[in-house]
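Raw my_file.csv, CSV, C-alpha atoms and all ligand atoms:
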chain,number,residue,atom,x,y,z
I,1,MET,CA,-9.3,-8.5,-16.2
I,2,LYS,CA,-6.6,-11.0,-15.5
I,3,PHE,CA,-3.2,-9.8,-16.7
I,4,THR,CA,-1.0,-12.4,-18.3
I,5,PRO,CA,2.3,-10.9,-19.1
I,6,ASP,CA,4.6,-12.3,-21.8
I,7,LYS,CA,7.0,-13.4,-19.1
I,8,PRO,CA,6.4,-13.4,-15.3
I,9,ALA,CA,8.3,-10.8,-13.3
I,10,ILE,CA,11.2,-12.4,-11.5
I,11,TYR,CA,10.3,-10.3,-8.4
I,12,GLY,CA,7.3,-12.5,-7.9
I,13,GLU,CA,9.4,-15.7,-7.4
I,14,THR,CA,10.2,-17.0,-3.9
I,15,LEU,CA,13.4,-18.8,-2.9
I,16,ASP,CA,11.5,-22.1,-3.3
I,17,SER,CA,9.7,-21.3,-6.6
I,18,LEU,CA,12.9,-20.0,-8.2
I,19,THR,CA,14.9,-23.0,-7.1
I,20,ALA,CA,12.3,-25.3,-8.6
I,21,ARG,CA,12.4,-23.5,-11.9
I,22,LEU,CA,16.2,-23.6,-12.0
I,23,THR,CA,16.3,-27.3,-11.1
I,24,GLU,CA,13.8,-28.0,-13.9
I,25,ALA,CA,16.2,-26.2,-16.2
I,26,GLY,CA,19.1,-28.3,-15.0
I,27,GLN,CA,20.8,-25.6,-13.0
I,28,PRO,CA,22.3,-26.1,-9.6
I,29,ALA,CA,20.3,-24.9,-6.6
I,30,PHE,CA,23.0,-22.6,-5.3
I,31,ARG,CA,22.3,-20.3,-8.3
I,32,THR,CA,19.1,-19.1,-6.7
I,33,ARG,CA,20.8,-17.2,-3.9
I,34,GLN,CA,23.2,-15.6,-6.3
I,35,ILE,CA,20.3,-14.4,-8.5
I,36,LEU,CA,18.3,-13.1,-5.5
I,37,ASP,CA,21.4,-11.3,-4.3
I,38,TRP,CA,21.6,-9.5,-7.7
I,39,LEU,CA,17.9,-8.6,-7.5
I,40,TYR,CA,17.5,-7.5,-3.9
I,41,LYS,CA,21.0,-6.5,-2.6
I,42,LYS,CA,22.5,-5.1,-5.7
I,43,ARG,CA,19.3,-4.2,-7.6
I,44,VAL,CA,20.8,-4.5,-11.1
I,45,ARG,CA,18.8,-3.3,-14.1
I,46,THR,CA,20.1,-5.8,-16.6
I,47,TRP,CA,20.8,-9.5,-16.8
I,48,ALA,CA,24.2,-8.8,-18.2
I,49,GLU,CA,25.3,-7.2,-14.8
I,50,MET,CA,24.8,-10.6,-13.1
I,51,THR,CA,28.5,-11.4,-13.8
I,52,ASN,CA,28.9,-14.5,-11.6
I,53,LEU,CA,26.3,-16.4,-13.7
I,54,SER,CA,27.2,-18.1,-16.9
I,55,ARG,CA,26.2,-16.5,-20.2
I,56,GLU,CA,23.9,-19.5,-20.8
I,57,LEU,CA,22.0,-19.1,-17.5
I,58,ARG,CA,21.6,-15.3,-18.1
I,59,ALA,CA,20.1,-16.1,-21.5
I,60,TRP,CA,17.7,-18.6,-19.9
I,61,LEU,CA,16.7,-16.1,-17.3
I,62,GLU,CA,16.1,-13.5,-19.9
I,63,ALA,CA,14.0,-15.8,-22.0
I,64,ASN,CA,11.9,-16.8,-19.0
I,65,PHE,CA,11.5,-13.8,-16.7
I,66,ASP,CA,10.8,-10.0,-16.9
I,67,LEU,CA,13.4,-8.0,-14.9
I,68,GLU,CA,11.7,-4.6,-15.2
I,69,PRO,CA,7.9,-5.1,-14.7
I,70,THR,CA,7.5,-1.4,-13.9
I,71,ALA,CA,9.0,1.6,-15.6
I,72,PHE,CA,9.6,4.9,-13.9
I,73,VAL,CA,7.5,7.7,-15.6
I,74,LEU,CA,7.5,10.6,-13.4
I,75,ASP,CA,8.6,11.8,-10.0
I,76,ARG,CA,6.3,14.4,-8.5
I,77,GLN,CA,7.7,16.0,-5.4
I,78,SER,CA,4.3,17.3,-4.1
I,79,ASN,CA,6.1,19.1,-1.2
I,80,ASP,CA,9.1,18.6,0.9
I,81,GLU,CA,7.5,15.7,2.7
I,82,THR,CA,6.1,13.6,-0.1
I,83,ASP,CA,7.5,12.2,-3.3
I,84,LYS,CA,5.1,10.4,-5.7
I,85,LEU,CA,6.5,8.0,-8.2
I,86,LEU,CA,4.3,7.3,-11.2
I,87,LEU,CA,5.1,3.9,-12.6
I,88,GLU,CA,4.0,2.4,-15.9
I,89,LEU,CA,3.3,-1.4,-16.2
I,90,ARG,CA,3.9,-3.6,-19.2
I,91,ASP,CA,0.3,-3.1,-20.4
I,92,LYS,CA,0.7,0.7,-20.0
I,93,SER,CA,-1.4,0.8,-16.9
I,94,LEU,CA,-0.3,3.4,-14.4
I,95,ILE,CA,0.2,3.0,-10.6
I,96,GLU,CA,1.6,5.2,-7.9
I,97,THR,CA,4.1,4.6,-5.2
I,98,VAL,CA,4.6,7.3,-2.6
I,99,ILE,CA,7.5,8.1,-0.3
I,100,ILE,CA,6.5,10.1,2.8
I,101,ARG,CA,9.2,11.8,4.8
I,102,ALA,CA,7.1,12.4,7.9
I,103,PRO,CA,5.3,10.3,10.5
I,104,MET,CA,2.3,8.2,9.6
I,105,LEU,CA,-0.4,6.4,11.6
I,106,GLY,CA,0.7,7.8,14.9
I,107,VAL,CA,3.7,5.6,14.9
I,108,GLY,CA,5.8,8.6,16.1
I,109,ILE,CA,6.4,12.3,15.9
I,110,ASP,CA,9.9,12.2,14.5
I,111,LYS,CA,10.1,14.2,11.3
I,112,SER,CA,12.9,12.0,10.0
I,113,ARG,CA,10.6,9.0,9.6
I,114,LYS,CA,10.3,7.6,6.2
I,115,THR,CA,7.3,5.6,5.0
I,116,ILE,CA,6.5,4.0,1.6
I,117,CYS,CA,3.0,3.7,0.4
I,118,ILE,CA,2.4,0.9,-2.2
I,119,SER,CA,-0.4,0.1,-4.6
I,120,THR,CA,-2.0,-3.4,-5.0
I,121,GLN,CA,-4.4,-3.0,-7.9
I,122,VAL,CA,-5.0,-0.8,-10.9
I,123,GLY,CA,-8.1,1.0,-9.8
I,124,CYS,CA,-10.4,-0.6,-7.2
I,125,ALA,CA,-13.6,-2.5,-7.2
I,126,MET,CA,-14.9,-1.4,-3.8
I,127,GLY,CA,-16.4,1.9,-5.0
I,128,CYS,CA,-16.0,4.0,-1.8
I,129,LYS,CA,-17.8,7.2,-2.8
I,130,PHE,CA,-15.0,9.6,-1.6
I,131,CYS,CA,-12.0,7.9,-3.2
I,132,ALA,CA,-10.2,8.7,-6.4
I,133,SER,CA,-8.8,5.2,-6.8
I,134,GLY,CA,-12.2,3.7,-7.1
I,135,LEU,CA,-13.8,6.2,-9.5
I,136,ALA,CA,-13.2,4.2,-12.6
I,137,GLY,CA,-13.6,0.8,-11.0
I,138,LEU,CA,-11.1,-2.0,-11.0
I,139,LYS,CA,-8.9,-2.4,-14.1
I,140,ARG,CA,-6.9,-5.4,-12.8
I,141,ASN,CA,-4.9,-6.9,-9.9
I,142,LEU,CA,-1.2,-6.3,-9.7
I,143,THR,CA,1.0,-9.3,-9.8
I,144,ALA,CA,3.2,-10.1,-6.8
I,145,GLY,CA,6.2,-9.1,-8.9
I,146,GLU,CA,4.7,-5.7,-9.7
I,147,ILE,CA,4.0,-5.1,-6.1
I,148,VAL,CA,7.6,-6.0,-5.0
I,149,HIS,CA,9.1,-4.0,-7.9
I,150,GLN,CA,7.6,-0.8,-6.6
I,151,LEU,CA,9.9,-1.1,-3.6
I,152,ILE,CA,12.9,-1.7,-5.9
I,153,GLN,CA,12.0,1.6,-7.7
I,154,VAL,CA,11.8,3.4,-4.3
I,155,CYS,CA,15.3,2.1,-3.4
I,156,ARG,CA,16.7,3.3,-6.7
I,157,GLN,CA,15.1,6.7,-6.1
I,158,GLU,CA,16.8,6.9,-2.7
I,159,ASP,CA,20.1,5.7,-4.2
I,160,ALA,CA,19.9,8.7,-6.6
I,161,LEU,CA,19.4,11.1,-3.7
I,162,THR,CA,22.1,9.7,-1.4
I,163,PRO,CA,25.7,9.7,-2.6
I,164,ARG,CA,26.1,6.4,-0.6
I,165,ALA,CA,25.3,3.7,-3.1
I,166,HIS,CA,22.5,1.3,-2.4
I,167,ALA,CA,20.4,2.7,0.4
I,168,GLU,CA,18.9,-0.3,2.0
I,169,LEU,CA,15.2,-0.6,2.3
I,170,ALA,CA,16.0,-0.8,6.0
I,171,SER,CA,16.6,2.9,6.0
I,172,PHE,CA,12.8,3.3,5.7
I,173,ASP,CA,10.7,3.0,8.9
I,174,ASN,CA,7.4,1.7,7.6
I,175,ILE,CA,5.7,0.3,4.5
I,176,VAL,CA,2.0,1.0,4.3
I,177,VAL,CA,-0.2,-0.9,1.9
I,178,MET,CA,-2.5,2.1,1.4
I,179,GLY,CA,-2.0,3.1,-2.2
I,180,MET,CA,-4.4,2.3,-5.0
I,181,GLY,CA,-6.5,-0.8,-4.6
I,182,GLU,CA,-8.0,-3.0,-1.9
I,183,PRO,CA,-5.2,-5.3,-0.8
I,184,LEU,CA,-7.4,-8.1,0.5
I,185,HIS,CA,-9.3,-8.2,-2.8
I,186,ASN,CA,-5.9,-9.3,-4.3
I,187,TYR,CA,-5.0,-11.5,-1.4
I,188,ASP,CA,-2.7,-14.1,-2.8
I,189,ALA,CA,-0.5,-11.7,-4.8
I,190,VAL,CA,-0.3,-9.3,-1.9
I,191,LEU,CA,0.6,-12.0,0.6
I,192,ARG,CA,3.2,-13.4,-1.7
I,193,ALA,CA,4.7,-10.0,-2.3
I,194,LEU,CA,4.9,-9.1,1.4
I,195,THR,CA,6.4,-12.5,2.1
I,196,ILE,CA,9.2,-11.6,-0.4
I,197,VAL,CA,9.6,-8.1,1.1
I,198,ASN,CA,9.9,-9.7,4.5
I,199,ALA,CA,12.2,-12.6,3.6
I,200,GLU,CA,15.8,-12.6,4.6
I,201,TRP,CA,16.7,-13.6,1.0
I,202,GLY,CA,14.4,-10.8,-0.3
I,203,LEU,CA,14.2,-7.3,1.0
I,204,GLY,CA,14.5,-8.3,4.6
I,205,PHE,CA,12.0,-5.8,5.8
I,206,GLY,CA,10.3,-6.5,9.2
I,207,ALA,CA,6.6,-7.6,9.0
I,208,ARG,CA,5.9,-5.5,12.1
I,209,ARG,CA,6.8,-2.4,10.2
I,210,ILE,CA,4.3,-3.2,7.4
I,211,THR,CA,0.7,-2.0,7.8
I,212,LEU,CA,-2.0,-3.3,5.5
I,213,SER,CA,-5.1,-1.2,5.2
I,214,THR,CA,-8.5,-2.6,4.3
I,215,SER,CA,-12.0,-1.4,3.7
I,216,GLY,CA,-13.2,-4.5,5.6
I,217,LEU,CA,-13.4,-7.7,3.7
I,218,VAL,CA,-14.3,-9.8,6.8
I,219,PRO,CA,-13.4,-13.4,5.6
I,220,ARG,CA,-10.0,-12.1,4.4
I,221,ILE,CA,-9.3,-10.4,7.6
I,222,LEU,CA,-9.9,-13.7,9.4
I,223,GLN,CA,-7.7,-15.5,6.9
I,224,LEU,CA,-4.9,-12.8,7.4
I,225,ALA,CA,-5.2,-13.3,11.2
I,226,ASP,CA,-4.1,-17.0,10.7
I,227,GLU,CA,-1.0,-16.2,8.6
I,228,SER,CA,2.3,-16.4,10.3
I,229,LEU,CA,3.5,-13.2,8.7
I,230,GLY,CA,2.8,-10.7,11.5
I,231,LEU,CA,1.6,-7.7,9.6
I,232,ARG,CA,-0.1,-4.7,11.3
I,233,LEU,CA,-3.7,-4.0,10.3
I,234,ALA,CA,-5.5,-0.8,9.7
I,235,ILE,CA,-9.2,-0.7,9.0
I,236,SER,CA,-10.8,2.1,6.9
I,237,LEU,CA,-13.8,2.7,9.2
I,238,HIS,CA,-15.0,6.1,8.2
I,239,GLY,CA,-18.4,5.6,9.8
I,240,ALA,CA,-19.2,4.6,13.4
I,241,THR,CA,-22.7,3.3,12.5
I,242,ASP,CA,-23.9,1.2,9.6
I,243,GLU,CA,-26.2,4.0,8.5
I,244,VAL,CA,-23.3,6.5,8.0
I,245,ARG,CA,-20.7,3.9,6.8
I,246,GLU,CA,-23.0,2.4,4.2
I,247,GLN,CA,-23.7,5.8,2.7
I,248,ILE,CA,-20.0,6.2,1.7
I,249,MET,CA,-18.7,2.6,1.6
I,250,PRO,CA,-20.8,0.0,-0.3
I,251,VAL,CA,-18.7,-2.8,1.2
I,252,ASN,CA,-20.6,-2.1,4.5
I,253,LYS,CA,-23.7,-3.7,3.0
I,254,ARG,CA,-21.9,-6.9,2.5
I,255,TYR,CA,-20.0,-6.8,5.8
I,256,PRO,CA,-21.7,-4.6,8.3
I,257,LEU,CA,-20.1,-3.4,11.6
I,258,ALA,CA,-21.6,-6.4,13.5
I,259,GLU,CA,-19.4,-8.7,11.4
I,260,LEU,CA,-16.4,-6.4,10.8
I,261,LEU,CA,-15.7,-5.4,14.4
I,262,PRO,CA,-15.5,-9.0,15.8
I,263,ALA,CA,-13.2,-9.9,12.9
I,264,VAL,CA,-10.9,-6.9,13.9
I,265,ARG,CA,-11.0,-8.1,17.5
I,266,ALA,CA,-10.0,-11.6,16.4
I,267,PHE,CA,-7.1,-10.2,14.5
I,268,SER,CA,-5.8,-8.1,17.3
I,269,GLU,CA,-6.2,-10.8,19.9
I,270,LYS,CA,-4.3,-13.2,17.7
I,271,HIS,CA,-1.4,-10.9,17.0
I,272,GLY,CA,-1.4,-9.1,20.4
I,273,ARG,CA,-1.1,-5.8,18.5
I,274,MET,CA,-3.2,-2.6,18.5
I,275,VAL,CA,-5.2,-2.3,15.3
I,276,THR,CA,-5.6,1.2,13.8
I,277,LEU,CA,-9.0,2.5,12.9
I,278,GLU,CA,-8.8,5.1,10.1
I,279,PHE,CA,-11.5,7.7,10.0
I,280,ILE,CA,-11.6,10.3,7.3
I,281,LEU,CA,-13.4,13.4,8.4
I,282,ILE,CA,-15.9,14.5,5.8
I,283,GLU,CA,-18.0,17.6,6.4
I,284,GLU,CA,-21.7,16.9,7.2
I,285,ILE,CA,-21.2,13.2,6.5
I,286,ASN,CA,-19.4,11.6,9.5
I,287,ASP,CA,-18.0,14.5,11.5
I,288,SER,CA,-20.8,14.9,14.1
I,289,LEU,CA,-20.3,14.5,17.8
I,290,ASP,CA,-22.6,11.5,17.8
I,291,GLN,CA,-20.2,9.8,15.4
I,292,ALA,CA,-17.3,10.8,17.6
I,293,GLU,CA,-18.9,9.2,20.6
I,294,LYS,CA,-19.7,6.0,18.8
I,295,LEU,CA,-16.2,5.8,17.4
I,296,ARG,CA,-14.8,6.4,20.9
I,297,ASP,CA,-16.8,3.4,22.1
I,298,ILE,CA,-15.7,1.1,19.3
I,299,ALA,CA,-12.1,2.1,19.7
I,300,ARG,CA,-12.2,1.6,23.5
I,301,ASP,CA,-13.8,-1.8,23.1
I,302,LEU,CA,-11.2,-2.9,20.5
I,303,HIS,CA,-8.2,-1.2,22.3
I,304,ALA,CA,-7.6,0.4,18.9
I,305,HIS,CA,-5.7,3.4,17.9
I,306,VAL,CA,-7.7,6.0,15.9
I,307,ASN,CA,-6.2,7.9,13.0
I,308,LEU,CA,-8.3,10.9,12.0
I,309,ILE,CA,-7.6,12.0,8.5
I,310,PRO,CA,-9.1,15.3,7.3
I,311,TYR,CA,-10.7,14.6,3.9
I,312,ASN,CA,-8.6,15.4,0.9
I,313,THR,CA,-10.7,16.9,-1.8
I,314,VAL,CA,-11.0,14.9,-5.1
I,315,GLU,CA,-11.7,16.7,-8.3
I,316,GLY,CA,-15.2,15.9,-9.5
I,317,LEU,CA,-16.4,14.8,-6.1
I,318,PRO,CA,-18.6,17.0,-3.8
I,319,TRP,CA,-17.1,16.1,-0.4
I,320,LYS,CA,-15.3,18.6,1.8
I,321,ARG,CA,-13.0,18.6,4.7
I,322,PRO,CA,-14.5,20.1,7.9
I,323,SER,CA,-13.1,23.2,9.5
I,324,ILE,CA,-10.1,22.8,11.9
I,325,THR,CA,-12.4,23.7,14.9
I,326,ARG,CA,-14.8,20.9,13.9
I,327,GLN,CA,-11.9,18.4,13.5
I,328,GLU,CA,-10.5,19.3,16.9
I,329,ARG,CA,-14.0,19.0,18.5
I,330,PHE,CA,-14.3,15.5,17.1
I,331,ALA,CA,-10.8,14.5,18.3
I,332,ASP,CA,-11.4,16.0,21.8
I,333,VAL,CA,-14.2,13.5,22.3
I,334,LEU,CA,-11.7,10.6,21.8
I,335,ARG,CA,-8.9,12.4,23.8
I,336,ALA,CA,-11.2,12.9,26.7
I,337,ALA,CA,-11.7,9.1,26.9
I,338,ARG,CA,-7.9,8.6,26.6
I,339,VAL,CA,-8.3,6.8,23.3
I,340,PRO,CA,-5.0,7.0,21.5
I,341,VAL,CA,-5.8,9.3,18.6
I,342,THR,CA,-3.8,11.0,15.8
I,343,LEU,CA,-5.2,13.9,13.9
I,344,ARG,CA,-3.2,14.7,10.8
I,345,ARG,CA,-3.3,18.3,10.0
I,346,GLU,CA,-0.4,19.2,7.7
I,347,LYS,CA,-1.0,18.8,4.0
I,348,GLY,CA,1.7,16.3,3.3
I,349,HIS,CA,0.4,13.8,5.7
I,350,ASP,CA,-2.7,12.8,3.9
I,351,ILE,CA,-0.8,11.3,1.1
I,352,ALA,CA,-2.5,8.0,1.2
I,353,ALA,CA,-5.6,10.0,0.5
I,354,ALA,CA,-4.0,11.6,-2.5
I,355,CYS,CA,-2.9,8.2,-3.8
I,356,GLY,CA,-4.7,7.5,-7.0
I,357,GLN,CA,-5.1,11.1,-8.0
I,358,LEU,CA,-1.9,11.5,-9.9
I,359,ARG,CA,-2.6,8.5,-11.9
I,360,LEU,CA,-6.1,9.8,-12.7
I,361,LYS,CA,-4.7,13.1,-13.9
I,362,THR,CA,-2.1,11.4,-16.1
I,363,GLU,CA,-4.7,9.0,-17.6
I,364,LYS,CA,-6.9,12.0,-18.4
I,365,ALA,CA,-4.1,13.8,-20.0
I,366,ARG,CA,-3.2,10.8,-22.1
I,367,GLU,CA,-6.8,10.4,-23.2
I,368,GLU,CA,-6.9,14.0,-24.3
I,369,ALA,CA,-3.7,13.7,-26.1
I,370,THR,CA,-5.0,10.7,-28.0
I,371,ALA,CA,-8.3,12.5,-28.8
I,372,ASN,CA,-6.5,15.6,-30.0
I,373,PRO,CA,-3.1,14.5,-31.3
J,401,LIG,N1,-8.3,0.0,-0.1
J,401,LIG,C1,-7.6,0.1,1.2
J,401,LIG,C2,-6.3,0.8,1.1
J,401,LIG,C3,-6.1,1.9,0.2
J,401,LIG,S1,-7.0,3.4,0.6
J,401,LIG,C4,-8.5,0.9,2.1
J,401,LIG,O1,-9.5,1.4,1.7
J,401,LIG,O2,-8.2,0.8,3.3
J,401,LIG,C5,-6.0,4.1,1.9
J,401,LIG,C6,-6.7,5.0,2.8
J,401,LIG,O3,-6.9,6.3,2.1
J,401,LIG,C7,-8.1,4.5,3.2
J,401,LIG,O4,-8.3,4.7,4.6
J,401,LIG,C8,-9.0,5.4,2.4
J,401,LIG,O5,-10.3,5.4,2.9
J,401,LIG,C9,-8.3,6.7,2.4
J,401,LIG,N2,-8.7,7.7,1.4
J,401,LIG,C10,-9.2,7.4,0.1
J,401,LIG,N3,-9.5,8.6,-0.5
J,401,LIG,C11,-9.3,9.6,0.4
J,401,LIG,C12,-9.5,11.0,0.4
J,401,LIG,N4,-9.9,11.6,-0.7
J,401,LIG,N5,-9.2,11.7,1.5
J,401,LIG,C13,-8.7,11.0,2.6
J,401,LIG,N6,-8.5,9.7,2.7
J,401,LIG,C14,-8.8,9.0,1.6
J,402,LIG,FE1,-10.8,1.1,-2.8
J,402,LIG,FE2,-9.7,1.8,-0.5
J,402,LIG,FE3,-10.5,3.7,-2.3
J,402,LIG,FE4,-12.3,2.3,-1.0
J,402,LIG,S1,-10.8,3.7,-0.1
J,402,LIG,S2,-12.3,2.7,-3.2
J,402,LIG,S3,-11.3,0.3,-0.8
J,402,LIG,S4,-8.8,2.2,-2.5
Rewrite the structure from the file as structure tokens, please.
Amino acid sequence: MKFTPDKPAIYGETLDSLTARLTEAGQPAFRTRQILDWLYKKRVRTWAEMTNLSRELRAWLEANFDLEPTAFVLDRQSNDETDKLLLELRDKSLIETVIIRAPMLGVGIDKSRKTICISTQVGCAMGCKFCASGLAGLKRNLTAGEIVHQLIQVCRQEDALTPRAHAELASFDNIVVMGMGEPLHNYDAVLRALTIVNAEWGLGFGARRITLSTSGLVPRILQLADESLGLRLAISLHGATDEVREQIMPVNKRYPLAELLPAVRAFSEKHGRMVTLEFILIEEINDSLDQAEKLRDIARDLHAHVNLIPYNTVEGLPWKRPSITRQERFADVLRAARVPVTLRREKGHDIAAACGQLRLKTEKAREEATANP
């Protein structure tokens, strides 16, 4: 399951770790900043373009690091609001990175907002019953470099759209860690990657504009609360009682609500930030008024924002999205109690939901192509 590439991706190195490697190789420390500048500010695709480095240093870098850990396979503009990039890793695994040109997570209603949704694993081990990413289990963790490189690919994508060369990552409003995988199940690589994304010598993207979504790994939520990186947190709740939650999320057996909710409170108290509770509405599973009332109480208690997401149908799975009337009825229970709630209705907005589906389709097509060449 562990992936050991021939050469580590250079995008997984920090200022300190890269300086240490260079020093070992007898290079002066000031070279690190020059290299990071080529990677994150200029976003070059070849070592040869790093023209202020000696030929010898470039050869050393090439021998020791991978400069392109992900390769662009396909750009699927699912509608005018979302753009899905399918990326292939060195071991031929596929991941998705999504650009959403619309508001997310109730952070605003401005249509010009741009959000990037990144993946953290190939597949997922958590086995949520409704989710395309978890259908085939976990294939492997992404490395920190593979996580960071998704954002480099997004920047390049934007560069191609805008005549102005080198659109900065800063032109995006938010990054959400809501693609394929459970980020807290790949804790070290995710934290390292987000530190690089945030660092001034890296992509310089504010931690407060990064939201990490988790299915609820309690010890890791507590660990995250202690990190100095001030990320925002979203919890995939999807059930307001153990009975309902456990039906669709096996992780609830390990970490039931009585453990999860205090951990969420600890996080939000430490960071002084509202946490988001995500709640997918699935017909006849969790869309009753009783669930709405219990969710209202939990949200009030935690001072949390609630994000209601009408379920996005997954091929091969039986679940359905409730009617709009039922969705509104559910949301009204929360609104009546003045709980801040967002109900996403337009198709393009449930992109995090659709994350994992493009990869699944492409893998199926590949299998068929191998079976019937
Ligand atoms: N593993 C993390 C982050 C990735 S999933 C987590 O579970 O939080 C991102 C979000 O998409 C989660 O809230 C997840 O429950 C939701 N999701 C997954 N499949 C979905 C679907 N078919 N329809 C709607 N939301 C879905
Ligand atoms: Fe994994 Fe999240 Fe999908 Fe659950 S919802 S299977 S945790 S990606």
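Take the candidates I:Thr32, I:Asn141, I:Thr214, I:Thr97 and check each one against ligand LIG 401 (chain J) using all atoms listed in the file; the shortest distance goes to I:Thr214.
Candidate residues I:Leu281, I:Ile210, I:Cys155, I:Leu194 were compared for distance to Glu13 (chain I), and the nearest is I:Leu194, using all atoms listed in the file.
With all atoms listed in the file as the atoms that count, the minimum distance from Asn174 (chain I) to the choices I:Thr14, I:Thr4, I:Thr211, I:Ser54 is reached by I:Thr211.
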Site check for ligand LIG 401 (chain J): residues at most 8 Å away, all atoms listed in the file, as a PyMOL selection string: chain I and resi 119+124+126+128+130-133+177-183+212-216+234-238+278-281+309-314+350-355
Residues at most 9 Å from Ala193 (chain I), counting all atoms listed in the file, excluding those fewer than 6 positions away in the same chain, as a ChimeraX atom specification? /I:11-13,143-148
Print the selection's residues with C-alpha atoms to a file, as a CSV table (one decimal), keeping the file's coordinate frame.
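Contents of the output file result20.csv:
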chain,number,residue,atom,x,y,z
I,11,TYR,CA,10.3,-10.3,-8.4
I,12,GLY,CA,7.3,-12.5,-7.9
I,13,GLU,CA,9.4,-15.7,-7.4
I,143,THR,CA,1.0,-9.3,-9.8
I,144,ALA,CA,3.2,-10.1,-6.8
I,145,GLY,CA,6.2,-9.1,-8.9
I,146,GLU,CA,4.7,-5.7,-9.7
I,147,ILE,CA,4.0,-5.1,-6.1
I,148,VAL,CA,7.6,-6.0,-5.0
List as a list in words the protein and nucleic acid residues near Leu343 (chain I), meaning an atom at most 9 Å away when only C-alpha atoms are counted, but skip any in the same chain fewer than 3 places from it. Gly106, Val306, Asn307, Leu308, Ile309, Pro310, Gln327, Glu328 and Ala331 of chain I
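Using all atoms listed in the file, the nearest neighbour of Asp188 (chain I) within the list I:Ala59, I:Gly206, I:Glu227, I:Pro340 is I:Glu227.
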Need to verify the contact set: Ala266 (chain I), 9 Å, only C-alpha atoms, exclusion of same-chain residues closer than 6 positions in sequence. Can you return it as a VMD selection string? chain I and resid 221 to 222 225
Next, write the just-selected residues to a file, as a PDB file, in the frame of the given file, keeping C-alpha atoms as the atom set.
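Dumped everything to result28.pdb:
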ATOM      1  CA  ILE I 221      -9.300 -10.400   7.600  1.00  0.00           C
ATOM      2  CA  LEU I 222      -9.900 -13.700   9.400  1.00  0.00           C
ATOM      3  CA  ALA I 225      -5.200 -13.300  11.200  1.00  0.00           C
TER       4      ALA I 225
END
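Each of I:Leu277, I:Ala336, I:Leu184, I:Leu257 was checked against ligand LIG 402 (chain J) using all atoms listed in the file; the smallest atom-to-atom distance is that of I:Leu184.
Among the candidate residues I:Arg33, I:Lys129, I:Lys270, I:Arg335, the one lying nearest to ligand LIG 402 (chain J) is I:Lys129, with distances computed using all atoms listed in the file.
The coordinates place CA of Ala63 (chain I) at 16.6 Å from CA of Arg31 (chain I).
Pairwise distance (CA of Thr195 (chain I), CA of Arg58 (chain I)) equals 25.4 Å.
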Name all residues at most 9 Å from region 66-72 of chain I (count all atoms listed in the file; drop same-chain ones fewer than 6 positions away) and give them as JSON, numbers by chain. {"I": [5, 6, 7, 8, 9, 10, 11, 39, 45, 46, 47, 85, 86, 87, 88, 89, 90, 145, 146, 149, 150, 153]}
Excluding Arg140 (chain I) and any residue of its chain fewer than 2 positions from it, enumerate the residues within 10 Å of it, using all atoms listed in the file, and give them as a list in words. Met1, Lys2, Phe3, Ser93, Thr120, Gln121, Val122, Gly123, Cys124, Ala125, Gly137, Leu138, Leu142, Thr143, Gly181 and Asn186 of chain I
Between atom FE4 of ligand LIG 402 (chain J) and CA of Glu315 (chain I), what is the distance in Å, rounded to a tenth? 16.2 Å
